[in-house]
$ cat structure.pdb   # PDB, C-alpha atoms and all ligand atoms
ATOM      1  CA  MET U  65     -52.989 -12.845  30.721
ATOM      2  CA  GLY U  66     -52.064 -12.216  27.177
ATOM      3  CA  GLY U  67     -50.156  -9.594  25.296
ATOM      4  CA  PHE U  68     -50.947  -6.159  24.176
ATOM      5  CA  GLY U  69     -51.916  -6.085  20.553
ATOM      6  CA  SER U  70     -51.455  -3.203  18.231
ATOM      7  CA  GLY U  71     -53.828  -3.080  15.314
ATOM      8  CA  ARG U  72     -53.398  -0.686  12.478
ATOM      9  CA  PRO U  73     -56.183   0.288  10.160
ATOM     10  CA  GLY U  74     -55.579  -1.909   7.148
ATOM     11  CA  SER U  75     -54.444  -0.544   3.864
ATOM     12  CA  GLY U  76     -57.215  -0.478   1.350
ATOM     13  CA  ARG U  77     -60.025   1.809   0.412
ATOM     14  CA  ALA U  78     -59.901   5.175   2.061
ATOM     15  CA  THR U  79     -63.492   4.962   3.164
ATOM     16  CA  ALA U  80     -63.006   1.675   4.947
ATOM     17  CA  ASP U  81     -59.898   3.108   6.597
ATOM     18  CA  ALA U  82     -61.945   5.916   8.074
ATOM     19  CA  CYS U  83     -63.330   3.547  10.698
ATOM     20  CA  ARG U  84     -61.644   1.131  13.066
ATOM     21  CA  SER U  85     -61.227  -2.390  11.817
ATOM     22  CA  LEU U  86     -60.188  -5.764  13.155
ATOM     23  CA  ASP U  87     -58.225  -8.143  10.970
ATOM     24  CA  VAL U  88     -58.570 -11.802  11.931
ATOM     25  CA  ASN U  89     -55.043 -12.605  10.719
ATOM     26  CA  GLN U  90     -53.535  -9.832  12.836
ATOM     27  CA  LEU U  91     -55.414 -11.205  15.844
ATOM     28  CA  ARG U  92     -54.143 -14.672  15.092
ATOM     29  CA  ARG U  93     -50.528 -13.515  14.830
ATOM     30  CA  ALA U  94     -50.870 -11.765  18.196
ATOM     31  CA  GLY U  95     -52.151 -14.983  19.771
ATOM     32  CA  VAL U  96     -55.677 -13.704  20.394
ATOM     33  CA  LEU U  97     -57.250 -16.790  18.793
ATOM     34  CA  THR U  98     -55.940 -18.955  21.615
ATOM     35  CA  ASN U  99     -58.209 -20.171  24.388
ATOM     36  CA  GLY U 100     -57.661 -18.206  27.567
ATOM     37  CA  TRP U 101     -56.132 -15.125  25.908
ATOM     38  CA  MET U 102     -57.186 -11.888  27.600
ATOM     39  CA  GLY U 103     -55.902  -8.473  26.756
ATOM     40  CA  ASN U 104     -56.338  -5.169  25.025
ATOM     41  CA  TRP U 105     -56.241  -4.355  21.363
ATOM     42  CA  GLN U 106     -55.278  -0.854  20.439
ATOM     43  CA  TRP U 107     -55.127   1.389  17.408
ATOM     44  CA  THR U 108     -52.368   3.879  16.982
ATOM     45  CA  ARG U 109     -51.645   6.654  14.566
ATOM     46  CA  ASP U 110     -48.194   8.253  14.421
ATOM     47  CA  GLY U 111     -47.327   6.542  17.696
ATOM     48  CA  GLU U 112     -50.382   7.954  19.490
ATOM     49  CA  ARG U 113     -53.074   5.648  20.809
ATOM     50  CA  THR U 114     -56.355   6.429  19.075
ATOM     51  CA  GLY U 115     -58.514   3.703  20.565
ATOM     52  CA  SER U 116     -58.541   0.502  22.536
ATOM     53  CA  ILE U 117     -60.872  -2.396  23.286
ATOM     54  CA  SER U 118     -60.639  -5.429  25.583
ATOM     55  CA  ILE U 119     -60.716  -8.848  24.023
ATOM     56  CA  SER U 120     -61.337 -12.204  25.608
ATOM     57  CA  GLY U 121     -59.705 -14.490  23.062
ATOM     58  CA  GLY U 122     -60.383 -18.032  21.988
ATOM     59  CA  LYS U 123     -60.127 -20.485  19.150
ATOM     60  CA  GLN U 124     -63.855 -20.765  18.359
ATOM     61  CA  ARG U 125     -65.136 -17.530  19.795
ATOM     62  CA  ILE U 126     -63.825 -14.185  20.950
ATOM     63  CA  ALA U 127     -65.645 -11.441  22.873
ATOM     64  CA  LEU U 128     -65.007  -7.723  22.495
ATOM     65  CA  THR U 129     -65.723  -5.307  25.338
ATOM     66  CA  TYR U 130     -65.632  -1.576  24.760
ATOM     67  CA  ARG U 131     -67.452   1.682  25.278
ATOM     68  CA  TRP U 132     -69.302   3.371  22.484
ATOM     69  CA  GLN U 133     -70.807   6.807  22.161
ATOM     70  CA  ARG U 134     -73.205   8.134  19.588
ATOM     71  CA  GLY U 135     -72.443  11.805  18.991
ATOM     72  CA  GLY U 136     -73.115  13.678  22.246
ATOM     73  CA  GLU U 137     -75.075  10.884  23.985
ATOM     74  CA  ASP U 138     -73.925   8.937  27.047
ATOM     75  CA  TRP U 139     -71.245   6.291  26.702
ATOM     76  CA  GLN U 140     -72.595   2.757  26.464
ATOM     77  CA  ASP U 141     -70.873  -0.452  27.455
ATOM     78  CA  VAL U 142     -70.866  -2.906  24.586
ATOM     79  CA  LYS U 143     -70.024  -6.576  24.704
ATOM     80  CA  GLU U 144     -69.891  -8.344  21.352
ATOM     81  CA  PRO U 145     -69.119 -12.048  20.996
ATOM     82  CA  ILE U 146     -67.866 -13.114  17.576
ATOM     83  CA  ALA U 147     -67.622 -16.706  16.379
ATOM     84  CA  ILE U 148     -64.427 -17.788  14.616
ATOM     85  CA  ARG U 149     -64.603 -20.330  11.820
ATOM     86  CA  TRP U 150     -61.540 -22.243  10.661
ATOM     87  CA  SER U 151     -61.270 -23.529   7.145
ATOM     88  CA  ALA U 152     -58.682 -25.957   5.858
ATOM     89  CA  CYS U 153     -56.112 -24.599   3.426
ATOM     90  CA  ARG U 154     -55.407 -26.417   0.209
ATOM     91  CA  PHE U 155     -51.807 -27.144   1.093
ATOM     92  CA  GLY U 156     -52.256 -27.849   4.764
ATOM     93  CA  GLY U 157     -52.942 -25.764   7.806
ATOM     94  CA  GLU U 158     -56.091 -23.821   8.480
ATOM     95  CA  ARG U 159     -57.190 -20.266   8.129
ATOM     96  CA  PRO U 160     -59.442 -18.288  10.510
ATOM     97  CA  TYR U 161     -62.470 -16.169   9.603
ATOM     98  CA  PHE U 162     -64.820 -14.005  11.612
ATOM     99  CA  VAL U 163     -68.471 -14.985  11.368
ATOM    100  CA  CYS U 164     -70.136 -11.579  11.090
ATOM    101  CA  PRO U 165     -72.726 -11.234  13.894
ATOM    102  CA  GLY U 166     -74.620  -8.421  12.164
ATOM    103  CA  VAL U 167     -78.400  -8.462  11.935
ATOM    104  CA  VAL U 168     -79.759  -6.350   9.127
ATOM    105  CA  ASN U 169     -83.503  -6.174   8.485
ATOM    106  CA  GLY U 170     -84.062  -9.175  10.744
ATOM    107  CA  ASN U 171     -81.571 -11.431   8.940
ATOM    108  CA  THR U 172     -78.393 -12.585  10.638
ATOM    109  CA  CYS U 173     -75.431 -11.943   8.386
ATOM    110  CA  THR U 174     -73.100 -14.905   9.251
ATOM    111  CA  ARG U 175     -70.752 -14.048   6.356
ATOM    112  CA  THR U 176     -67.240 -15.349   6.919
ATOM    113  CA  VAL U 177     -64.839 -12.447   6.553
ATOM    114  CA  THR U 178     -61.298 -11.526   7.475
ATOM    115  CA  LYS U 179     -62.153  -7.959   8.484
ATOM    116  CA  LEU U 180     -64.774  -6.352  10.696
ATOM    117  CA  PHE U 181     -65.389  -2.606  10.823
ATOM    118  CA  CYS U 182     -66.676  -0.436  13.623
ATOM    119  CA  ALA U 183     -68.624   2.215  11.725
ATOM    120  CA  GLY U 184     -71.398   2.256  14.342
ATOM    121  CA  ARG U 185     -72.030   0.476  17.617
ATOM    122  CA  TYR U 186     -70.712  -2.939  16.587
ATOM    123  CA  TYR U 187     -67.875  -4.533  14.672
ATOM    124  CA  LEU U 188     -69.535  -5.877  11.547
ATOM    125  CA  CYS U 189     -68.545  -6.880   8.039
ATOM    126  CA  ARG U 190     -68.429  -4.357   5.222
ATOM    127  CA  HIS U 191     -71.645  -5.694   3.742
ATOM    128  CA  CYS U 192     -73.552  -4.944   6.936
ATOM    129  CA  TYR U 193     -72.131  -1.439   6.949
ATOM    130  CA  ARG U 194     -72.673  -1.130   3.216
ATOM    131  CA  LEU U 195     -69.052  -0.300   2.676
ATOM    132  CA  THR U 196     -69.656  -1.678  -0.781
ATOM    133  CA  TYR U 197     -71.069   1.758  -1.403
ATOM    134  CA  ALA U 198     -67.512   2.975  -1.368
ATOM    135  CA  SER U 199     -66.383   0.736  -4.187
ATOM    136  CA  GLN U 200     -69.436   1.560  -6.267
ATOM    137  CA  ALA U 201     -68.787   5.249  -5.792
ATOM    138  CA  GLU U 202     -65.173   4.643  -6.636
ATOM    139  CA  ASP U 203     -66.223   2.988  -9.883
ATOM    140  CA  ARG U 204     -68.230   6.057 -10.827
ATOM    141  CA  TRP U 205     -65.308   8.223  -9.876
ATOM    142  CA  ASP U 206     -62.972   6.116 -12.013
ATOM    143  CA  ARG U 207     -65.344   6.321 -14.955
ATOM    144  CA  ALA U 208     -65.535  10.112 -14.730
ATOM    145  CA  LEU U 209     -61.763  10.402 -14.602
ATOM    146  CA  ARG U 210     -61.255   7.927 -17.441
ATOM    147  CA  ARG U 211     -63.704   9.911 -19.560
ATOM    148  CA  ALA U 212     -61.840  13.149 -18.807
ATOM    149  CA  ASN U 213     -58.487  11.545 -19.622
ATOM    150  CA  LYS U 214     -59.792  10.179 -22.893
ATOM    151  CA  LEU U 215     -60.965  13.619 -23.967
ATOM    152  CA  ARG U 216     -57.666  15.153 -22.889
ATOM    153  CA  GLY U 217     -55.903  12.552 -25.011
ATOM    154  CA  ARG U 218     -58.098  13.337 -27.991
ATOM    155  CA  LEU U 219     -56.926  16.938 -27.789
ATOM    156  CA  GLY U 220     -53.319  15.782 -27.624
ATOM    157  CA  GLY U 221     -52.961  16.597 -23.916
ATOM    158  CA  GLU U 222     -51.667  14.625 -20.953
ATOM    159  CA  PRO U 223     -53.997  12.716 -18.628
ATOM    160  CA  GLY U 224     -54.670  13.888 -15.075
ATOM    161  CA  MET U 225     -56.470  16.754 -13.396
ATOM    162  CA  LEU U 226     -53.204  18.532 -12.653
ATOM    163  CA  SER U 227     -52.014  18.478 -16.246
ATOM    164  CA  ASP U 228     -52.164  21.586 -18.381
ATOM    165  CA  VAL U 229     -55.413  22.355 -20.107
ATOM    166  CA  PRO U 230     -54.984  20.902 -23.609
ATOM    167  CA  GLU U 231     -54.620  23.483 -26.333
ATOM    168  CA  ARG U 232     -56.781  23.566 -29.415
ATOM    169  CA  PRO U 233     -55.337  21.207 -32.046
ATOM    170  CA  LYS U 234     -54.739  22.697 -35.494
ATOM    171  CA  GLY U 235     -57.828  22.497 -37.646
ATOM    172  CA  MET U 236     -60.276  22.043 -34.769
ATOM    173  CA  TRP U 237     -63.085  24.544 -34.482
ATOM    174  CA  HIS U 238     -62.776  26.895 -31.535
ATOM    175  CA  ARG U 239     -66.306  26.000 -30.491
ATOM    176  CA  THR U 240     -65.555  22.257 -30.607
ATOM    177  CA  HIS U 241     -62.486  22.779 -28.463
ATOM    178  CA  GLN U 242     -64.550  24.734 -25.924
ATOM    179  CA  ARG U 243     -67.096  21.927 -25.821
ATOM    180  CA  TYR U 244     -64.357  19.384 -25.147
ATOM    181  CA  LEU U 245     -62.931  21.486 -22.334
ATOM    182  CA  ALA U 246     -66.351  21.943 -20.736
ATOM    183  CA  GLU U 247     -66.876  18.198 -20.725
ATOM    184  CA  ILE U 248     -63.417  17.508 -19.300
ATOM    185  CA  PHE U 249     -63.915  19.992 -16.477
ATOM    186  CA  ALA U 250     -67.402  18.696 -15.694
ATOM    187  CA  ALA U 251     -66.121  15.117 -15.404
ATOM    188  CA  GLU U 252     -63.165  16.154 -13.267
ATOM    189  CA  ASP U 253     -65.312  18.295 -10.990
ATOM    190  CA  ALA U 254     -67.655  15.368 -10.485
ATOM    191  CA  ALA U 255     -64.736  13.105  -9.634
ATOM    192  CA  GLN U 256     -63.285  15.564  -7.166
ATOM    193  CA  GLU U 257     -66.597  16.187  -5.465
ATOM    194  CA  ARG U 258     -67.146  12.461  -5.168
ATOM    195  CA  LEU U 259     -63.823  12.072  -3.428
ATOM    196  CA  VAL U 260     -64.566  14.749  -0.865
ATOM    197  CA  LEU U 261     -68.085  13.540  -0.099
ATOM    198  CA  LEU U 262     -67.259   9.879   0.141
ATOM    199  CA  ALA U 263     -66.168   9.546   3.764
ATOM    200  CA  ALA U 264     -68.886  11.743   5.258
ATOM    201  CA  ARG U 265     -71.593  10.066   3.221
ATOM    202  CA  LEU U 266     -70.399   6.618   4.190
ATOM    203  CA  MET U 267     -70.546   7.301   7.911
ATOM    204  CA  LYS U 268     -74.107   8.615   7.591
ATOM    205  CA  THR U 269     -75.526   5.710   5.608
ATOM    206  CA  SER U 270     -73.894   3.131   7.830
ATOM    207  CA  GLN U 271     -75.370   4.630  10.974
ATOM    208  CA  LYS U 272     -78.856   4.945   9.576
ATOM    209  CA  LYS U 273     -79.317   1.713   7.756
ATOM    210  CA  THR U 274     -77.482  -0.828   9.823
ATOM    211  CA  GLY U 275     -79.484  -3.001  12.148
ATOM    212  CA  TYR U 276     -78.384  -4.300  15.446
ATOM    213  CA  TRP U 277     -76.243  -7.063  16.426
ATOM    214  CA  ARG U 278     -78.394  -9.365  18.540
TER     215      ARG U 278
HETATM  216 ZN    ZN M   1     -72.148  -8.779   8.124
END
$ encode --input "structure.pdb" --output "structure tokens" --more "lines below"
Ligand SMILES: [Zn+2]
Amino acid sequence: MGGFGSGRPGSGRATADACRSLDVNQLRRAGVLTNGWMGNWQWTRDGERTGSISISGGKQRIALTYRWQRGGEDWQDVKEPIAIRWSACRFGGERPYFVCPGVVNGNTCTRTVTKLFCAGRYYLCRHCYRLTYASQAEDRWDRALRRANKLRGRLGGEPGMLSDVPERPKGMWHRTHQRYLAEIFAAEDAAQERLVLLAARLMKTSQKKTGYWR
């Protein structure tokens, strides 16, 4: 019998952090990628256990066993085998990757990744769960904020939503100043709304559009 792993949600994008993830390097360090390893993997937050799954470890293949519930429905037992691929490092040694077992629109994913996310029934890569949506949304959010900061700078103000509203520079028409402010606030509102909606939206799209693991 093996040890008792403790996985933490990885640092990274907030949206990806909202769901449980498995990091192949964490598993390796805990000895899970060793033939014959059996044990539990748990997630904790502030010292409290927030979730746990059983893992049958191995060098070429691991199998996850856990229970999953879709809002309000009965709990289902899930068993998910995941292949591990090892690739040689440039300066010696080898590095493990998960082979994503996701099937989306009839195509098996098979991407080699270091992280799998449980945003639905199975642990799948971020592409299968369309977590890329998060980074695209983040780009839009960044653009809106950059635009707002640029306009703030043009009025001689400081960047950032929490900074003071820039005053009207000498010689600028009152109406022009008002137009600038309206645009700044619109961009910042859009950015803020995006931030709030992101997590909820992500969970919805991933549940609807993701296919099954076979
Ligand atoms: Zn995938």
$ resolve_selection --input "structure.pdb" --expression "the PyMOL selection byres (((not hetatm)) within 12 of (chain M and resi 1))" --output "number ranges by chain"
U: 146, 162-169, 171-182, 186-196, 274-277
$ atom_distance --input "structure.pdb" --atom1 "CA of Leu215 (chain U)" --atom2 "CA of Met236 (chain U)"
13.7 Å
$ residues_near_point --input "structure.pdb" --point "(-63.4, -9.7, 23.5)" --cutoff "12 Å" --atoms "only C-alpha atoms" --output "PyMOL selection string"
chain U and resi 86+91+96-97+99-105+116-122+125-130+142-147+187
$ closest_residue --input "structure.pdb" --among "U:Ala94, U:Leu245, U:Leu209, U:Cys153" --to "Glu231 (chain U)" --atoms "only C-alpha atoms"
U:Leu245
$ atom_distance --input "structure.pdb" --atom1 "CA of Pro230 (chain U)" --atom2 "CA of Arg216 (chain U)"
6.4 Å
$ resolve_selection --input "structure.pdb" --expression "the PyMOL selection byres (((chain U and resi 115) around 12) and not hetatm)" --output "mmCIF file with C-alpha atoms, in the coordinates of the input"
data_model
loop_
_atom_site.group_PDB
_atom_site.id
_atom_site.type_symbol
_atom_site.label_atom_id
_atom_site.label_comp_id
_atom_site.auth_asym_id
_atom_site.auth_seq_id
_atom_site.Cartn_x
_atom_site.Cartn_y
_atom_site.Cartn_z
ATOM 1 C CA GLY U 69 -51.916 -6.085 20.553
ATOM 2 C CA SER U 70 -51.455 -3.203 18.231
ATOM 3 C CA GLY U 71 -53.828 -3.080 15.314
ATOM 4 C CA ARG U 72 -53.398 -0.686 12.478
ATOM 5 C CA PRO U 73 -56.183 0.288 10.160
ATOM 6 C CA CYS U 83 -63.330 3.547 10.698
ATOM 7 C CA ARG U 84 -61.644 1.131 13.066
ATOM 8 C CA SER U 85 -61.227 -2.390 11.817
ATOM 9 C CA ASN U 104 -56.338 -5.169 25.025
ATOM 10 C CA TRP U 105 -56.241 -4.355 21.363
ATOM 11 C CA GLN U 106 -55.278 -0.854 20.439
ATOM 12 C CA TRP U 107 -55.127 1.389 17.408
ATOM 13 C CA THR U 108 -52.368 3.879 16.982
ATOM 14 C CA ARG U 109 -51.645 6.654 14.566
ATOM 15 C CA GLY U 111 -47.327 6.542 17.696
ATOM 16 C CA GLU U 112 -50.382 7.954 19.490
ATOM 17 C CA ARG U 113 -53.074 5.648 20.809
ATOM 18 C CA THR U 114 -56.355 6.429 19.075
ATOM 19 C CA SER U 116 -58.541 0.502 22.536
ATOM 20 C CA ILE U 117 -60.872 -2.396 23.286
ATOM 21 C CA SER U 118 -60.639 -5.429 25.583
ATOM 22 C CA TYR U 130 -65.632 -1.576 24.760
ATOM 23 C CA ARG U 131 -67.452 1.682 25.278
ATOM 24 C CA TRP U 132 -69.302 3.371 22.484
ATOM 25 C CA CYS U 182 -66.676 -0.436 13.623
#
$ atom_distance --input "structure.pdb" --atom1 "CA of Ala183 (chain U)" --atom2 "CA of Gly170 (chain U)"
19.2 Å
$ resolve_selection --input "structure.pdb" --expression "the PyMOL selection byres (((chain U and resi 224) around 9) and not hetatm)" --output "PyMOL selection string"
chain U and resi 209+212-213+216+222-223+225-228+252
$ closest_residue --input "structure.pdb" --among "U:Asp253, U:Arg93, U:Leu219, U:Glu158" --to "Trp237 (chain U)" --atoms "all atoms listed in the file"
U:Leu219
$ axis_aligned_box --input "structure.pdb" --around "region 218-228 of chain U" --padding-each-side "3 Å" --output "JSON"
{"center_x": -54.9, "center_y": 17.2, "center_z": -20.3, "size_x": 12.4, "size_y": 14.9, "size_z": 21.3}
$ decode --input "structure.pdb" --residues "region 108-197 of chain U" --atoms "C-alpha atoms" --output "PDB file, in the first residue's frame"
ATOM      1  CA  THR U 108      -7.305  20.356   1.051  1.00  0.00           C
ATOM      2  CA  ARG U 109      -8.081  23.981   1.615  1.00  0.00           C
ATOM      3  CA  ASP U 110      -6.976  25.730   4.811  1.00  0.00           C
ATOM      4  CA  GLY U 111      -6.203  22.339   6.330  1.00  0.00           C
ATOM      5  CA  GLU U 112      -9.692  20.980   5.606  1.00  0.00           C
ATOM      6  CA  ARG U 113     -10.168  18.063   3.246  1.00  0.00           C
ATOM      7  CA  THR U 114     -12.285  19.169   0.299  1.00  0.00           C
ATOM      8  CA  GLY U 115     -12.177  16.003  -1.770  1.00  0.00           C
ATOM      9  CA  SER U 116     -10.520  12.660  -2.235  1.00  0.00           C
ATOM     10  CA  ILE U 117     -10.174   9.963  -4.880  1.00  0.00           C
ATOM     11  CA  SER U 118      -8.572   6.505  -4.913  1.00  0.00           C
ATOM     12  CA  ILE U 119      -5.722   5.892  -7.287  1.00  0.00           C
ATOM     13  CA  SER U 120      -4.217   2.646  -8.453  1.00  0.00           C
ATOM     14  CA  GLY U 121      -0.785   3.824  -9.552  1.00  0.00           C
ATOM     15  CA  GLY U 122       1.622   2.618 -12.180  1.00  0.00           C
ATOM     16  CA  LYS U 123       4.385   3.638 -14.517  1.00  0.00           C
ATOM     17  CA  GLN U 124       2.451   3.303 -17.796  1.00  0.00           C
ATOM     18  CA  ARG U 125      -1.094   3.618 -16.571  1.00  0.00           C
ATOM     19  CA  ILE U 126      -2.983   4.791 -13.522  1.00  0.00           C
ATOM     20  CA  ALA U 127      -6.671   4.325 -12.671  1.00  0.00           C
ATOM     21  CA  LEU U 128      -8.788   6.794 -10.722  1.00  0.00           C
ATOM     22  CA  THR U 129     -11.819   5.648  -8.740  1.00  0.00           C
ATOM     23  CA  TYR U 130     -14.232   8.165  -7.291  1.00  0.00           C
ATOM     24  CA  ARG U 131     -17.859   9.117  -6.914  1.00  0.00           C
ATOM     25  CA  TRP U 132     -19.387  11.889  -8.930  1.00  0.00           C
ATOM     26  CA  GLN U 133     -22.684  13.687  -8.664  1.00  0.00           C
ATOM     27  CA  ARG U 134     -24.371  15.963 -11.135  1.00  0.00           C
ATOM     28  CA  GLY U 135     -26.310  18.611  -9.225  1.00  0.00           C
ATOM     29  CA  GLY U 136     -29.053  16.846  -7.248  1.00  0.00           C
ATOM     30  CA  GLU U 137     -28.845  13.486  -9.075  1.00  0.00           C
ATOM     31  CA  ASP U 138     -27.660  10.202  -7.559  1.00  0.00           C
ATOM     32  CA  TRP U 139     -23.974   9.633  -6.937  1.00  0.00           C
ATOM     33  CA  GLN U 140     -22.253   7.606  -9.638  1.00  0.00           C
ATOM     34  CA  ASP U 141     -19.182   5.439  -9.306  1.00  0.00           C
ATOM     35  CA  VAL U 142     -16.566   6.428 -11.843  1.00  0.00           C
ATOM     36  CA  LYS U 143     -13.462   4.522 -12.806  1.00  0.00           C
ATOM     37  CA  GLU U 144     -11.108   6.304 -15.185  1.00  0.00           C
ATOM     38  CA  PRO U 145      -7.881   4.748 -16.454  1.00  0.00           C
ATOM     39  CA  ILE U 146      -5.291   7.214 -17.725  1.00  0.00           C
ATOM     40  CA  ALA U 147      -2.225   6.283 -19.755  1.00  0.00           C
ATOM     41  CA  ILE U 148       1.111   7.827 -18.766  1.00  0.00           C
ATOM     42  CA  ARG U 149       3.650   8.669 -21.440  1.00  0.00           C
ATOM     43  CA  TRP U 150       7.307   9.243 -20.616  1.00  0.00           C
ATOM     44  CA  SER U 151       9.456  11.450 -22.759  1.00  0.00           C
ATOM     45  CA  ALA U 152      13.216  11.743 -22.582  1.00  0.00           C
ATOM     46  CA  CYS U 153      14.625  15.018 -21.295  1.00  0.00           C
ATOM     47  CA  ARG U 154      17.339  16.789 -23.206  1.00  0.00           C
ATOM     48  CA  PHE U 155      19.877  16.472 -20.426  1.00  0.00           C
ATOM     49  CA  GLY U 156      18.978  13.017 -19.229  1.00  0.00           C
ATOM     50  CA  GLY U 157      16.141  11.537 -17.273  1.00  0.00           C
ATOM     51  CA  GLU U 158      12.555  11.353 -18.391  1.00  0.00           C
ATOM     52  CA  ARG U 159       9.440  13.328 -17.787  1.00  0.00           C
ATOM     53  CA  PRO U 160       5.882  11.979 -17.368  1.00  0.00           C
ATOM     54  CA  TYR U 161       2.727  13.198 -19.112  1.00  0.00           C
ATOM     55  CA  PHE U 162      -0.913  12.230 -18.869  1.00  0.00           C
ATOM     56  CA  VAL U 163      -2.466  11.089 -22.130  1.00  0.00           C
ATOM     57  CA  CYS U 164      -5.858  12.799 -21.975  1.00  0.00           C
ATOM     58  CA  PRO U 165      -8.601  10.145 -22.325  1.00  0.00           C
ATOM     59  CA  GLY U 166     -11.277  12.658 -23.333  1.00  0.00           C
ATOM     60  CA  VAL U 167     -13.584  11.987 -26.261  1.00  0.00           C
ATOM     61  CA  VAL U 168     -15.095  15.110 -27.730  1.00  0.00           C
ATOM     62  CA  ASN U 169     -17.408  14.899 -30.742  1.00  0.00           C
ATOM     63  CA  GLY U 170     -16.319  11.315 -31.365  1.00  0.00           C
ATOM     64  CA  ASN U 171     -12.587  12.097 -31.442  1.00  0.00           C
ATOM     65  CA  THR U 172     -10.261  10.796 -28.756  1.00  0.00           C
ATOM     66  CA  CYS U 173      -8.149  13.623 -27.410  1.00  0.00           C
ATOM     67  CA  THR U 174      -4.826  11.825 -26.580  1.00  0.00           C
ATOM     68  CA  ARG U 175      -3.063  15.153 -25.916  1.00  0.00           C
ATOM     69  CA  THR U 176      -0.076  14.765 -23.619  1.00  0.00           C
ATOM     70  CA  VAL U 177      -0.497  17.169 -20.728  1.00  0.00           C
ATOM     71  CA  THR U 178       0.824  17.705 -17.233  1.00  0.00           C
ATOM     72  CA  LYS U 179      -2.556  18.639 -15.760  1.00  0.00           C
ATOM     73  CA  LEU U 180      -6.036  17.144 -15.865  1.00  0.00           C
ATOM     74  CA  PHE U 181      -9.122  18.943 -14.576  1.00  0.00           C
ATOM     75  CA  CYS U 182     -12.329  17.572 -13.148  1.00  0.00           C
ATOM     76  CA  ALA U 183     -14.873  20.121 -14.354  1.00  0.00           C
ATOM     77  CA  GLY U 184     -17.461  17.412 -15.070  1.00  0.00           C
ATOM     78  CA  ARG U 185     -17.593  13.653 -14.690  1.00  0.00           C
ATOM     79  CA  TYR U 186     -14.019  12.920 -15.764  1.00  0.00           C
ATOM     80  CA  TYR U 187     -10.504  14.230 -15.343  1.00  0.00           C
ATOM     81  CA  LEU U 188      -9.659  15.663 -18.744  1.00  0.00           C
ATOM     82  CA  CYS U 189      -7.255  18.176 -20.224  1.00  0.00           C
ATOM     83  CA  ARG U 190      -8.116  21.854 -20.424  1.00  0.00           C
ATOM     84  CA  HIS U 191      -8.765  21.616 -24.145  1.00  0.00           C
ATOM     85  CA  CYS U 192     -11.479  19.017 -23.612  1.00  0.00           C
ATOM     86  CA  TYR U 193     -13.065  21.227 -20.984  1.00  0.00           C
ATOM     87  CA  ARG U 194     -12.498  24.298 -23.123  1.00  0.00           C
ATOM     88  CA  LEU U 195     -10.619  25.985 -20.345  1.00  0.00           C
ATOM     89  CA  THR U 196      -8.978  27.901 -23.146  1.00  0.00           C
ATOM     90  CA  TYR U 197     -12.126  29.961 -22.963  1.00  0.00           C
TER      91      TYR U 197
END
